[in-house]
Amino acid sequence: MSANEFAVVVLAAGKGTRLKSALAKVLHRAGGRPLVEHVVRAANALKNKRVYVIVGHQADAVRDVIEPLGAKGVVQEPQNGTGHALLVARRQIPARVKYAVVVPGDAPLIRTETLQALMRAHIKGEAAATILSAMLGDPAGYGRIVRRADGRVRAIVEEKALGDEQRGINEVNSSIYCFTLAKLWPCLAKVRPENVHKEIYLTDAIALLDQQGERVLAEVAGDAREILGCNTRAELADVDRIFRERKRAALMDAGVTIYLPETVTIDADVQIGTDTIVEPNVQLLGKTKIGANCVVRSGSVIKDSVIADGCEVRQNCLVTATRLSSGVVVGPMAHLRDGAEIRAGARVGNFVEVKKSVLDEGVKAMHLTYLGDARVGRGTNVGAGTITCNYDGVRKNPTKIGKNVFVGSGTELIAPVKVGDGAYLAAGSTITDNVPKDALAIARGRQTTKPGWAAQRRKQLRAAATPKKKSRRR
Ligand code: UD1
Ligand code: CA
């Protein structure tokens, strides 16, 4: 640890009672990421920091999110309040660390620049504590900042403890602070759980610092939206909306066309190349990467997929964990999933499902088909209604179809099975045995045609129906 290193403490141990959820609050998602991940990423971009995340409720799941990002989880058990959370952190923070930045895990819109500015203000102001505050039109639910005549902060008063003369204050506590630790620790040790929740409130340390003659400052956030918490589902939806707007705006700035952008959902990690067009009601999720000059048409959902330049995903496709080579056209209404790979010049049409299969260059599968665990060689035509019967009730079995094969419509391939290059499979065949190169395989019953049979049958049926009519009873 270098001499000027400081600690960032992310408060993420609480349950989030107001969400009425089985899932811990900080694991709920906004903009496609867990709330706490946004906060840790914002902290990680600071220099000379070490990030501690206070975990408690669903601690293991929270750790799984934050530890890959390099943050250290610190268990708070039981969760006796925001002040108690810092006392728990104290045991992990080396004594030589002078400053700590505190950020709640449920305020995911906070930006690195804002945290940096808060630290600068704290050091420049020679304060014991500096609070990031915000002016809110509707401050309900937040702790209020009570200032002295000289502008310094006297106290933070929680909503439930507000006096009548304090209700009009609309400067609120964001729960984002910078502390000089040598000043904070003695005061925090004196805070008692004297509130309705019987918790040790970090906010109570503020009044104690002020009473000891320490300087407590509050910096008003330039953009009040940055401090928004996600205590309720409605707040979660508001925050999610802001992330989505930010993401779409960034992509449009970078040269992506998005029509009716308010209807388009794009996750934080999605990348899109220039001159790609995204039509209304599209969702681009997870780690999806889309190249330049693509078109994603209305209603399509694409998750964790890699789409090269110049592709077109037509209306209402569901594409997950799939790779499309450049220039590929899929859909409308195709379902590509779990390791589907469609190579250049291949074409997947409507009502076609492709799972864990490779379609080589120039393959056509245009209508009503299921290809699972299959490998289809270049130039092969897969007729309408072709089905790989890949599942035998126990295992998934592979189907290998060679190059330039003609698969007639309505063919079933009972896997494991192999079809050699250049073979023909007659329409309606159920292929159970391997087919050699350049062979024709027909596997269906021969047709029998009986002239006049249908007319005769109709006559019989009518005759049988007539007398019954009279004797019909209810
Ligand atoms: C807190 C502040 C309030 C401020 C608001 C801003 C206190 C007492 N109040 O209220 O002044 O306006 O944030 O959003 O601090 N947590 C723990 N351990 C605990 C309790 C909470 O880690 O024992 C974590 C929670 O997981 C959460 C964060 O601390 O991420 C804040 O807790 P929360 O219950 O949301 O506090 P608020 O009621 O919003
Ligand atoms: Ca909160």
# chains A, B, ... in the order shown; residues from 1 in each chain; ligands from 1

call {"tool": "residues_around", "arguments": {"residues": "Pro332 (chain A)", "least_positions_apart": "5", "cutoff": "9 Å", "atoms": "only C-alpha atoms", "output": "list of chain:residue names"}}
result
A:Arg297, A:Ser300, A:Val313, A:Arg314, A:Gln315, A:Asn316, A:Cys317, A:Val348, A:Gly349, A:Asn350, A:Phe351

call {"tool": "closest_atom_pairs", "arguments": {"of": "chain A", "to": "ligand 1", "cutoff": "8 Å", "atoms": "only C-alpha atoms and all ligand atoms", "output": "JSON lines"}}
result
{"residue": "A:Val10", "atom": "CA", "partner": "ligand 1", "partner_atom_place_in_ligand_line": "22 (O)", "distance": 7.6}
{"residue": "A:Leu11", "atom": "CA", "partner": "ligand 1", "partner_atom_place_in_ligand_line": "22 (O)", "distance": 3.9}
{"residue": "A:Ala12", "atom": "CA", "partner": "ligand 1", "partner_atom_place_in_ligand_line": "26 (O)", "distance": 3.7}
{"residue": "A:Ala13", "atom": "CA", "partner": "ligand 1", "partner_atom_place_in_ligand_line": "22 (O)", "distance": 3.6}
{"residue": "A:Gly14", "atom": "CA", "partner": "ligand 1", "partner_atom_place_in_ligand_line": "26 (O)", "distance": 3.3}
{"residue": "A:Lys15", "atom": "CA", "partner": "ligand 1", "partner_atom_place_in_ligand_line": "26 (O)", "distance": 6.2}
{"residue": "A:Gly16", "atom": "CA", "partner": "ligand 1", "partner_atom_place_in_ligand_line": "34 (O)", "distance": 6.5}
{"residue": "A:Lys25", "atom": "CA", "partner": "ligand 1", "partner_atom_place_in_ligand_line": "26 (O)", "distance": 6.8}
{"residue": "A:Val26", "atom": "CA", "partner": "ligand 1", "partner_atom_place_in_ligand_line": "30 (O)", "distance": 6.4}
{"residue": "A:Ile54", "atom": "CA", "partner": "ligand 1", "partner_atom_place_in_ligand_line": "22 (O)", "distance": 5.5}
{"residue": "A:Val55", "atom": "CA", "partner": "ligand 1", "partner_atom_place_in_ligand_line": "22 (O)", "distance": 6.4}
{"residue": "A:Gly56", "atom": "CA", "partner": "ligand 1", "partner_atom_place_in_ligand_line": "22 (O)", "distance": 7.2}
{"residue": "A:Gln76", "atom": "CA", "partner": "ligand 1", "partner_atom_place_in_ligand_line": "18 (N)", "distance": 6.9}
{"residue": "A:Pro78", "atom": "CA", "partner": "ligand 1", "partner_atom_place_in_ligand_line": "23 (O)", "distance": 7.3}
{"residue": "A:Gln79", "atom": "CA", "partner": "ligand 1", "partner_atom_place_in_ligand_line": "23 (O)", "distance": 3.5}
{"residue": "A:Asn80", "atom": "CA", "partner": "ligand 1", "partner_atom_place_in_ligand_line": "23 (O)", "distance": 4.2}
{"residue": "A:Gly81", "atom": "CA", "partner": "ligand 1", "partner_atom_place_in_ligand_line": "23 (O)", "distance": 3.2}
{"residue": "A:Thr82", "atom": "CA", "partner": "ligand 1", "partner_atom_place_in_ligand_line": "20 (C)", "distance": 4.4}
{"residue": "A:Gly83", "atom": "CA", "partner": "ligand 1", "partner_atom_place_in_ligand_line": "15 (O)", "distance": 7.1}
{"residue": "A:His84", "atom": "CA", "partner": "ligand 1", "partner_atom_place_in_ligand_line": "23 (O)", "distance": 6.2}
{"residue": "A:Ala85", "atom": "CA", "partner": "ligand 1", "partner_atom_place_in_ligand_line": "18 (N)", "distance": 5.0}
{"residue": "A:Val103", "atom": "CA", "partner": "ligand 1", "partner_atom_place_in_ligand_line": "28 (C)", "distance": 7.9}
{"residue": "A:Pro104", "atom": "CA", "partner": "ligand 1", "partner_atom_place_in_ligand_line": "30 (O)", "distance": 4.4}
{"residue": "A:Gly105", "atom": "CA", "partner": "ligand 1", "partner_atom_place_in_ligand_line": "30 (O)", "distance": 4.1}
{"residue": "A:Asp106", "atom": "CA", "partner": "ligand 1", "partner_atom_place_in_ligand_line": "30 (O)", "distance": 4.6}
{"residue": "A:Ala107", "atom": "CA", "partner": "ligand 1", "partner_atom_place_in_ligand_line": "14 (O)", "distance": 6.9}
{"residue": "A:Gly141", "atom": "CA", "partner": "ligand 1", "partner_atom_place_in_ligand_line": "12 (O)", "distance": 6.9}
{"residue": "A:Tyr142", "atom": "CA", "partner": "ligand 1", "partner_atom_place_in_ligand_line": "12 (O)", "distance": 3.5}
{"residue": "A:Gly143", "atom": "CA", "partner": "ligand 1", "partner_atom_place_in_ligand_line": "11 (O)", "distance": 3.5}
{"residue": "A:Arg144", "atom": "CA", "partner": "ligand 1", "partner_atom_place_in_ligand_line": "11 (O)", "distance": 6.8}
{"residue": "A:Ile156", "atom": "CA", "partner": "ligand 1", "partner_atom_place_in_ligand_line": "11 (O)", "distance": 6.6}
{"residue": "A:Val157", "atom": "CA", "partner": "ligand 1", "partner_atom_place_in_ligand_line": "11 (O)", "distance": 7.0}
{"residue": "A:Glu158", "atom": "CA", "partner": "ligand 1", "partner_atom_place_in_ligand_line": "11 (O)", "distance": 5.6}
{"residue": "A:Glu159", "atom": "CA", "partner": "ligand 1", "partner_atom_place_in_ligand_line": "11 (O)", "distance": 7.9}
{"residue": "A:Val172", "atom": "CA", "partner": "ligand 1", "partner_atom_place_in_ligand_line": "12 (O)", "distance": 5.8}
{"residue": "A:Asn173", "atom": "CA", "partner": "ligand 1", "partner_atom_place_in_ligand_line": "12 (O)", "distance": 4.2}
{"residue": "A:Ser174", "atom": "CA", "partner": "ligand 1", "partner_atom_place_in_ligand_line": "6 (C)", "distance": 4.3}
{"residue": "A:Ser175", "atom": "CA", "partner": "ligand 1", "partner_atom_place_in_ligand_line": "6 (C)", "distance": 4.6}
{"residue": "A:Ile176", "atom": "CA", "partner": "ligand 1", "partner_atom_place_in_ligand_line": "6 (C)", "distance": 7.8}
{"residue": "A:Glu199", "atom": "CA", "partner": "ligand 1", "partner_atom_place_in_ligand_line": "23 (O)", "distance": 7.3}
{"residue": "A:Ile200", "atom": "CA", "partner": "ligand 1", "partner_atom_place_in_ligand_line": "8 (C)", "distance": 7.6}
{"residue": "A:Tyr201", "atom": "CA", "partner": "ligand 1", "partner_atom_place_in_ligand_line": "8 (C)", "distance": 4.3}
{"residue": "A:Leu202", "atom": "CA", "partner": "ligand 1", "partner_atom_place_in_ligand_line": "15 (O)", "distance": 5.2}
{"residue": "A:Thr203", "atom": "CA", "partner": "ligand 1", "partner_atom_place_in_ligand_line": "15 (O)", "distance": 5.3}
{"residue": "A:Asp204", "atom": "CA", "partner": "ligand 1", "partner_atom_place_in_ligand_line": "8 (C)", "distance": 7.6}
{"residue": "A:Ile227", "atom": "CA", "partner": "ligand 1", "partner_atom_place_in_ligand_line": "14 (O)", "distance": 7.3}
{"residue": "A:Leu228", "atom": "CA", "partner": "ligand 1", "partner_atom_place_in_ligand_line": "14 (O)", "distance": 6.8}
{"residue": "A:Gly229", "atom": "CA", "partner": "ligand 1", "partner_atom_place_in_ligand_line": "14 (O)", "distance": 5.0}
{"residue": "A:Cys230", "atom": "CA", "partner": "ligand 1", "partner_atom_place_in_ligand_line": "35 (O)", "distance": 7.7}
{"residue": "A:Asn231", "atom": "CA", "partner": "ligand 1", "partner_atom_place_in_ligand_line": "35 (O)", "distance": 6.1}

call {"tool": "write_last_selection", "arguments": {"atoms": "C-alpha atoms", "output": "PDB file, in the first residue's frame"}}
result
ATOM      1  CA  VAL A  10     -19.207  -0.032  -0.372  1.00  0.00           C
ATOM      2  CA  LEU A  11     -22.185  -0.727   1.896  1.00  0.00           C
ATOM      3  CA  ALA A  12     -23.922  -3.812   0.523  1.00  0.00           C
ATOM      4  CA  ALA A  13     -24.943  -6.005   3.450  1.00  0.00           C
ATOM      5  CA  GLY A  14     -28.572  -4.959   3.806  1.00  0.00           C
ATOM      6  CA  LYS A  15     -31.611  -6.933   2.717  1.00  0.00           C
ATOM      7  CA  GLY A  16     -33.617  -4.196   1.046  1.00  0.00           C
ATOM      8  CA  LYS A  25     -31.146  -5.373  -2.933  1.00  0.00           C
ATOM      9  CA  VAL A  26     -27.659  -4.867  -4.351  1.00  0.00           C
ATOM     10  CA  ILE A  54     -19.528  -4.929   3.219  1.00  0.00           C
ATOM     11  CA  VAL A  55     -21.513  -8.101   2.603  1.00  0.00           C
ATOM     12  CA  GLY A  56     -24.116  -9.833   4.765  1.00  0.00           C
ATOM     13  CA  GLN A  76     -21.117  -7.839   8.561  1.00  0.00           C
ATOM     14  CA  PRO A  78     -25.716  -9.243  11.916  1.00  0.00           C
ATOM     15  CA  GLN A  79     -26.426  -6.063   9.951  1.00  0.00           C
ATOM     16  CA  ASN A  80     -26.718  -3.473  12.695  1.00  0.00           C
ATOM     17  CA  GLY A  81     -26.823  -0.384  10.506  1.00  0.00           C
ATOM     18  CA  THR A  82     -24.668   1.744   8.229  1.00  0.00           C
ATOM     19  CA  GLY A  83     -22.439   2.924  11.105  1.00  0.00           C
ATOM     20  CA  HIS A  84     -21.939  -0.642  12.309  1.00  0.00           C
ATOM     21  CA  ALA A  85     -20.971  -1.587   8.736  1.00  0.00           C
ATOM     22  CA  VAL A 103     -20.681   4.562  -1.138  1.00  0.00           C
ATOM     23  CA  PRO A 104     -23.945   2.668  -0.663  1.00  0.00           C
ATOM     24  CA  GLY A 105     -24.258  -0.393  -2.890  1.00  0.00           C
ATOM     25  CA  ASP A 106     -27.726   0.689  -4.000  1.00  0.00           C
ATOM     26  CA  ALA A 107     -26.719   3.988  -5.638  1.00  0.00           C
ATOM     27  CA  GLY A 141     -37.258   8.903   2.384  1.00  0.00           C
ATOM     28  CA  TYR A 142     -33.822  10.510   2.515  1.00  0.00           C
ATOM     29  CA  GLY A 143     -31.890  11.875   5.480  1.00  0.00           C
ATOM     30  CA  ARG A 144     -31.857  15.708   5.410  1.00  0.00           C
ATOM     31  CA  ILE A 156     -28.089  14.589   9.196  1.00  0.00           C
ATOM     32  CA  VAL A 157     -31.625  13.909  10.323  1.00  0.00           C
ATOM     33  CA  GLU A 158     -33.356  10.753   9.123  1.00  0.00           C
ATOM     34  CA  GLU A 159     -36.859  11.003   7.703  1.00  0.00           C
ATOM     35  CA  VAL A 172     -30.600  15.276   1.171  1.00  0.00           C
ATOM     36  CA  ASN A 173     -27.841  12.891   2.210  1.00  0.00           C
ATOM     37  CA  SER A 174     -26.704  10.616  -0.640  1.00  0.00           C
ATOM     38  CA  SER A 175     -24.942   8.252   1.810  1.00  0.00           C
ATOM     39  CA  ILE A 176     -21.784   8.991  -0.169  1.00  0.00           C
ATOM     40  CA  GLU A 199     -29.337   0.360  14.403  1.00  0.00           C
ATOM     41  CA  ILE A 200     -26.017   2.187  14.567  1.00  0.00           C
ATOM     42  CA  TYR A 201     -26.505   4.950  12.006  1.00  0.00           C
ATOM     43  CA  LEU A 202     -23.452   6.352  10.239  1.00  0.00           C
ATOM     44  CA  THR A 203     -25.430   9.558   9.924  1.00  0.00           C
ATOM     45  CA  ASP A 204     -25.347  10.017  13.729  1.00  0.00           C
ATOM     46  CA  ILE A 227     -27.306   9.817  -6.105  1.00  0.00           C
ATOM     47  CA  LEU A 228     -30.632   8.052  -6.645  1.00  0.00           C
ATOM     48  CA  GLY A 229     -31.033   4.925  -4.547  1.00  0.00           C
ATOM     49  CA  CYS A 230     -33.075   1.838  -5.402  1.00  0.00           C
ATOM     50  CA  ASN A 231     -35.112   1.276  -2.264  1.00  0.00           C
TER      51      ASN A 231
END

call {"tool": "atom_distance", "arguments": {"atom1": "CA of Ala140 (chain A)", "atom2": "CA of Leu27 (chain A)"}}
result
24.0 Å

call {"tool": "residues_around", "arguments": {"residues": "region 413-425 of chain A", "least_positions_apart": "5", "cutoff": "9 Å", "atoms": "only C-alpha atoms", "output": "JSON, numbers by chain"}}
result
{"A": [377, 380, 386, 387, 388, 389, 390, 391, 392, 396, 397, 398, 399, 400, 401, 402, 403, 404, 405, 406, 407, 408, 430, 431, 432, 433, 434, 435, 436, 437, 438, 439, 440, 441, 442, 443]}

call {"tool": "write_last_selection", "arguments": {"atoms": "N, CA and C atoms", "output": "short mmCIF file (atom, residue, chain, number, x, y, z; two decimals), in the first residue's frame"}}
result
data_model
loop_
_atom_site.label_atom_id
_atom_site.label_comp_id
_atom_site.auth_asym_id
_atom_site.auth_seq_id
_atom_site.Cartn_x
_atom_site.Cartn_y
_atom_site.Cartn_z
N GLY A 377 -22.21 -29.18 -43.80
CA GLY A 377 -21.10 -28.78 -44.67
C GLY A 377 -21.50 -27.73 -45.70
N THR A 380 -24.73 -26.99 -48.56
CA THR A 380 -25.83 -27.95 -48.39
C THR A 380 -27.16 -27.22 -48.28
N THR A 386 -37.09 -30.02 -41.93
CA THR A 386 -36.05 -31.00 -41.56
C THR A 386 -35.83 -30.98 -40.06
N ILE A 387 -35.70 -32.17 -39.47
CA ILE A 387 -35.49 -32.23 -38.02
C ILE A 387 -34.34 -33.19 -37.70
N THR A 388 -33.37 -32.70 -36.92
CA THR A 388 -32.38 -33.61 -36.35
C THR A 388 -32.97 -34.14 -35.05
N CYS A 389 -33.09 -35.47 -34.96
CA CYS A 389 -33.62 -36.09 -33.74
C CYS A 389 -32.40 -36.36 -32.87
N ASN A 390 -31.95 -35.34 -32.16
CA ASN A 390 -30.64 -35.41 -31.50
C ASN A 390 -30.72 -36.02 -30.11
N TYR A 391 -31.90 -36.12 -29.55
CA TYR A 391 -32.04 -36.56 -28.16
C TYR A 391 -32.68 -37.93 -28.13
N ASP A 392 -32.02 -38.90 -27.50
CA ASP A 392 -32.56 -40.26 -27.44
C ASP A 392 -33.26 -40.54 -26.11
N LYS A 396 -27.57 -36.40 -25.82
CA LYS A 396 -27.67 -35.63 -27.07
C LYS A 396 -26.66 -36.23 -28.04
N ASN A 397 -27.08 -36.53 -29.25
CA ASN A 397 -26.22 -37.20 -30.23
C ASN A 397 -25.98 -36.30 -31.44
N PRO A 398 -24.80 -36.45 -32.07
CA PRO A 398 -24.45 -35.56 -33.18
C PRO A 398 -24.97 -36.03 -34.54
N THR A 399 -25.22 -35.05 -35.41
CA THR A 399 -25.56 -35.32 -36.81
C THR A 399 -24.50 -34.62 -37.65
N LYS A 400 -23.92 -35.35 -38.60
CA LYS A 400 -22.92 -34.72 -39.46
C LYS A 400 -23.39 -34.83 -40.90
N ILE A 401 -23.60 -33.70 -41.51
CA ILE A 401 -24.05 -33.66 -42.91
C ILE A 401 -22.92 -33.02 -43.72
N GLY A 402 -22.53 -33.68 -44.80
CA GLY A 402 -21.37 -33.22 -45.57
C GLY A 402 -21.67 -32.00 -46.43
N LYS A 403 -20.77 -31.79 -47.40
CA LYS A 403 -20.89 -30.64 -48.32
C LYS A 403 -21.87 -30.94 -49.43
N ASN A 404 -22.54 -29.88 -49.91
CA ASN A 404 -23.40 -29.97 -51.10
C ASN A 404 -24.39 -31.12 -51.04
N VAL A 405 -24.92 -31.36 -49.88
CA VAL A 405 -25.94 -32.39 -49.71
C VAL A 405 -27.30 -31.76 -50.00
N PHE A 406 -28.22 -32.56 -50.56
CA PHE A 406 -29.60 -32.10 -50.72
C PHE A 406 -30.46 -32.85 -49.71
N VAL A 407 -30.93 -32.12 -48.72
CA VAL A 407 -31.79 -32.74 -47.71
C VAL A 407 -33.23 -32.41 -48.10
N GLY A 408 -33.99 -33.41 -48.55
CA GLY A 408 -35.36 -33.16 -48.98
C GLY A 408 -36.23 -32.69 -47.82
N THR A 430 -36.96 -40.87 -43.04
CA THR A 430 -36.47 -40.96 -41.67
C THR A 430 -35.13 -41.69 -41.74
N ILE A 431 -34.06 -40.93 -41.62
CA ILE A 431 -32.72 -41.46 -41.86
C ILE A 431 -32.15 -42.02 -40.56
N THR A 432 -31.98 -43.35 -40.53
CA THR A 432 -31.45 -43.99 -39.32
C THR A 432 -30.03 -44.50 -39.52
N ASP A 433 -29.64 -44.70 -40.79
CA ASP A 433 -28.31 -45.26 -41.08
C ASP A 433 -27.46 -44.22 -41.81
N ASN A 434 -26.15 -44.32 -41.64
CA ASN A 434 -25.24 -43.41 -42.35
C ASN A 434 -25.46 -43.52 -43.85
N VAL A 435 -25.31 -42.39 -44.55
CA VAL A 435 -25.51 -42.35 -46.00
C VAL A 435 -24.16 -42.03 -46.65
N PRO A 436 -23.67 -42.91 -47.55
CA PRO A 436 -22.36 -42.62 -48.14
C PRO A 436 -22.40 -41.44 -49.12
N LYS A 437 -21.27 -40.94 -49.42
CA LYS A 437 -21.03 -39.87 -50.40
C LYS A 437 -21.77 -40.16 -51.70
N ASP A 438 -22.43 -39.11 -52.22
CA ASP A 438 -23.08 -39.17 -53.53
C ASP A 438 -24.21 -40.20 -53.66
N ALA A 439 -24.68 -40.78 -52.55
CA ALA A 439 -25.77 -41.76 -52.63
C ALA A 439 -27.13 -41.06 -52.55
N LEU A 440 -28.17 -41.80 -52.92
CA LEU A 440 -29.54 -41.36 -52.65
C LEU A 440 -30.08 -42.25 -51.53
N ALA A 441 -30.67 -41.64 -50.51
CA ALA A 441 -31.32 -42.44 -49.47
C ALA A 441 -32.80 -42.11 -49.46
N ILE A 442 -33.62 -43.16 -49.56
CA ILE A 442 -35.07 -42.98 -49.42
C ILE A 442 -35.49 -43.87 -48.27
N ALA A 443 -36.18 -43.30 -47.30
CA ALA A 443 -36.60 -44.12 -46.16
C ALA A 443 -38.01 -43.72 -45.81
#

call {"tool": "closest_residue", "arguments": {"among": "A:Arg215, A:Lys198, A:Arg148, A:Arg246", "to": "Glu126 (chain A)", "atoms": "only C-alpha atoms"}}
result
A:Arg215

call {"tool": "select_by_dssp", "arguments": {"residues": "region 30-83 of chain A", "states": "helix (DSSP H, G or I)", "output": "PyMOL selection string"}}
result
chain A and resi 35-44+59-69+82-83

call {"tool": "closest_residue", "arguments": {"among": "A:Pro94, A:Gly222, A:Gly310, A:Pro108", "to": "ligand 2", "atoms": "only C-alpha atoms and all ligand atoms"}}
result
A:Pro108

call {"tool": "residues_around", "arguments": {"residues": "region 276-285 of chain A", "least_positions_apart": "5", "cutoff": "10 Å", "atoms": "only C-alpha atoms", "output": "VMD selection string"}}
result
chain A and resid 31 to 32 252 255 to 271 290 to 305 309 to 320

call {"tool": "select_by_dssp", "arguments": {"residues": "region 204-236 of chain A", "states": "strand (DSSP E)", "output": "PyMOL selection string"}}
result
chain A and resi 216-220

call {"tool": "atom_distance", "arguments": {"atom1": "CA of Glu37 (chain A)", "atom2": "CA of Ala182 (chain A)"}}
result
29.0 Å

call {"tool": "atom_distance", "arguments": {"atom1": "CA of Ile131 (chain A)", "atom2": "CA of Ala218 (chain A)"}}
result
4.4 Å

call {"tool": "closest_residue", "arguments": {"among": "A:Leu35, A:Ala22, A:Ala221, A:Val352", "to": "ligand 2", "atoms": "only C-alpha atoms and all ligand atoms"}}
result
A:Leu35

call {"tool": "closest_residue", "arguments": {"among": "A:Arg233, A:Arg111, A:Lys124, A:Lys289", "to": "Leu46 (chain A)", "atoms": "only C-alpha atoms"}}
result
A:Arg111

call {"tool": "residues_around", "arguments": {"residues": "Val358 (chain A)", "least_positions_apart": "4", "cutoff": "9 Å", "atoms": "only C-alpha atoms", "output": "PDB file with N, CA and C atoms, in the first residue's frame"}}
result
ATOM      1  N   GLY A 339     -24.424 -21.798 -28.744  1.00  0.00           N
ATOM      2  CA  GLY A 339     -23.287 -22.197 -29.575  1.00  0.00           C
ATOM      3  C   GLY A 339     -23.671 -22.459 -31.015  1.00  0.00           C
ATOM      4  N   ALA A 340     -24.675 -21.768 -31.513  1.00  0.00           N
ATOM      5  CA  ALA A 340     -24.964 -21.839 -32.955  1.00  0.00           C
ATOM      6  C   ALA A 340     -23.926 -20.983 -33.671  1.00  0.00           C
ATOM      7  N   GLU A 341     -23.495 -21.468 -34.824  1.00  0.00           N
ATOM      8  CA  GLU A 341     -22.522 -20.694 -35.603  1.00  0.00           C
ATOM      9  C   GLU A 341     -22.955 -20.721 -37.056  1.00  0.00           C
ATOM     10  N   ILE A 342     -23.210 -19.530 -37.598  1.00  0.00           N
ATOM     11  CA  ILE A 342     -23.702 -19.434 -38.968  1.00  0.00           C
ATOM     12  C   ILE A 342     -22.615 -18.717 -39.775  1.00  0.00           C
ATOM     13  N   ARG A 343     -22.019 -19.433 -40.711  1.00  0.00           N
ATOM     14  CA  ARG A 343     -20.877 -18.873 -41.437  1.00  0.00           C
ATOM     15  C   ARG A 343     -21.300 -18.126 -42.690  1.00  0.00           C
ATOM     16  N   VAL A 354     -31.739 -23.350 -34.347  1.00  0.00           N
ATOM     17  CA  VAL A 354     -30.393 -23.921 -34.485  1.00  0.00           C
ATOM     18  C   VAL A 354     -29.744 -23.908 -33.116  1.00  0.00           C
ATOM     19  N   ASP A 373     -27.034 -30.008 -32.338  1.00  0.00           N
ATOM     20  CA  ASP A 373     -25.801 -30.806 -32.282  1.00  0.00           C
ATOM     21  C   ASP A 373     -25.409 -31.294 -33.677  1.00  0.00           C
ATOM     22  N   ALA A 374     -25.561 -30.406 -34.649  1.00  0.00           N
ATOM     23  CA  ALA A 374     -25.304 -30.799 -36.036  1.00  0.00           C
ATOM     24  C   ALA A 374     -24.152 -29.997 -36.628  1.00  0.00           C
ATOM     25  N   ARG A 375     -23.572 -30.593 -37.643  1.00  0.00           N
ATOM     26  CA  ARG A 375     -22.517 -29.925 -38.389  1.00  0.00           C
ATOM     27  C   ARG A 375     -22.950 -30.052 -39.842  1.00  0.00           C
ATOM     28  N   VAL A 376     -23.174 -28.941 -40.510  1.00  0.00           N
ATOM     29  CA  VAL A 376     -23.697 -28.987 -41.877  1.00  0.00           C
ATOM     30  C   VAL A 376     -22.655 -28.386 -42.802  1.00  0.00           C
ATOM     31  N   GLY A 377     -22.209 -29.179 -43.795  1.00  0.00           N
ATOM     32  CA  GLY A 377     -21.103 -28.776 -44.666  1.00  0.00           C
ATOM     33  C   GLY A 377     -21.502 -27.728 -45.697  1.00  0.00           C
TER      34      GLY A 377
END

call {"tool": "closest_residue", "arguments": {"among": "A:Thr274, A:Thr112, A:Gln447, A:Gln212", "to": "Asp253 (chain A)", "atoms": "only C-alpha atoms"}}
result
A:Thr274
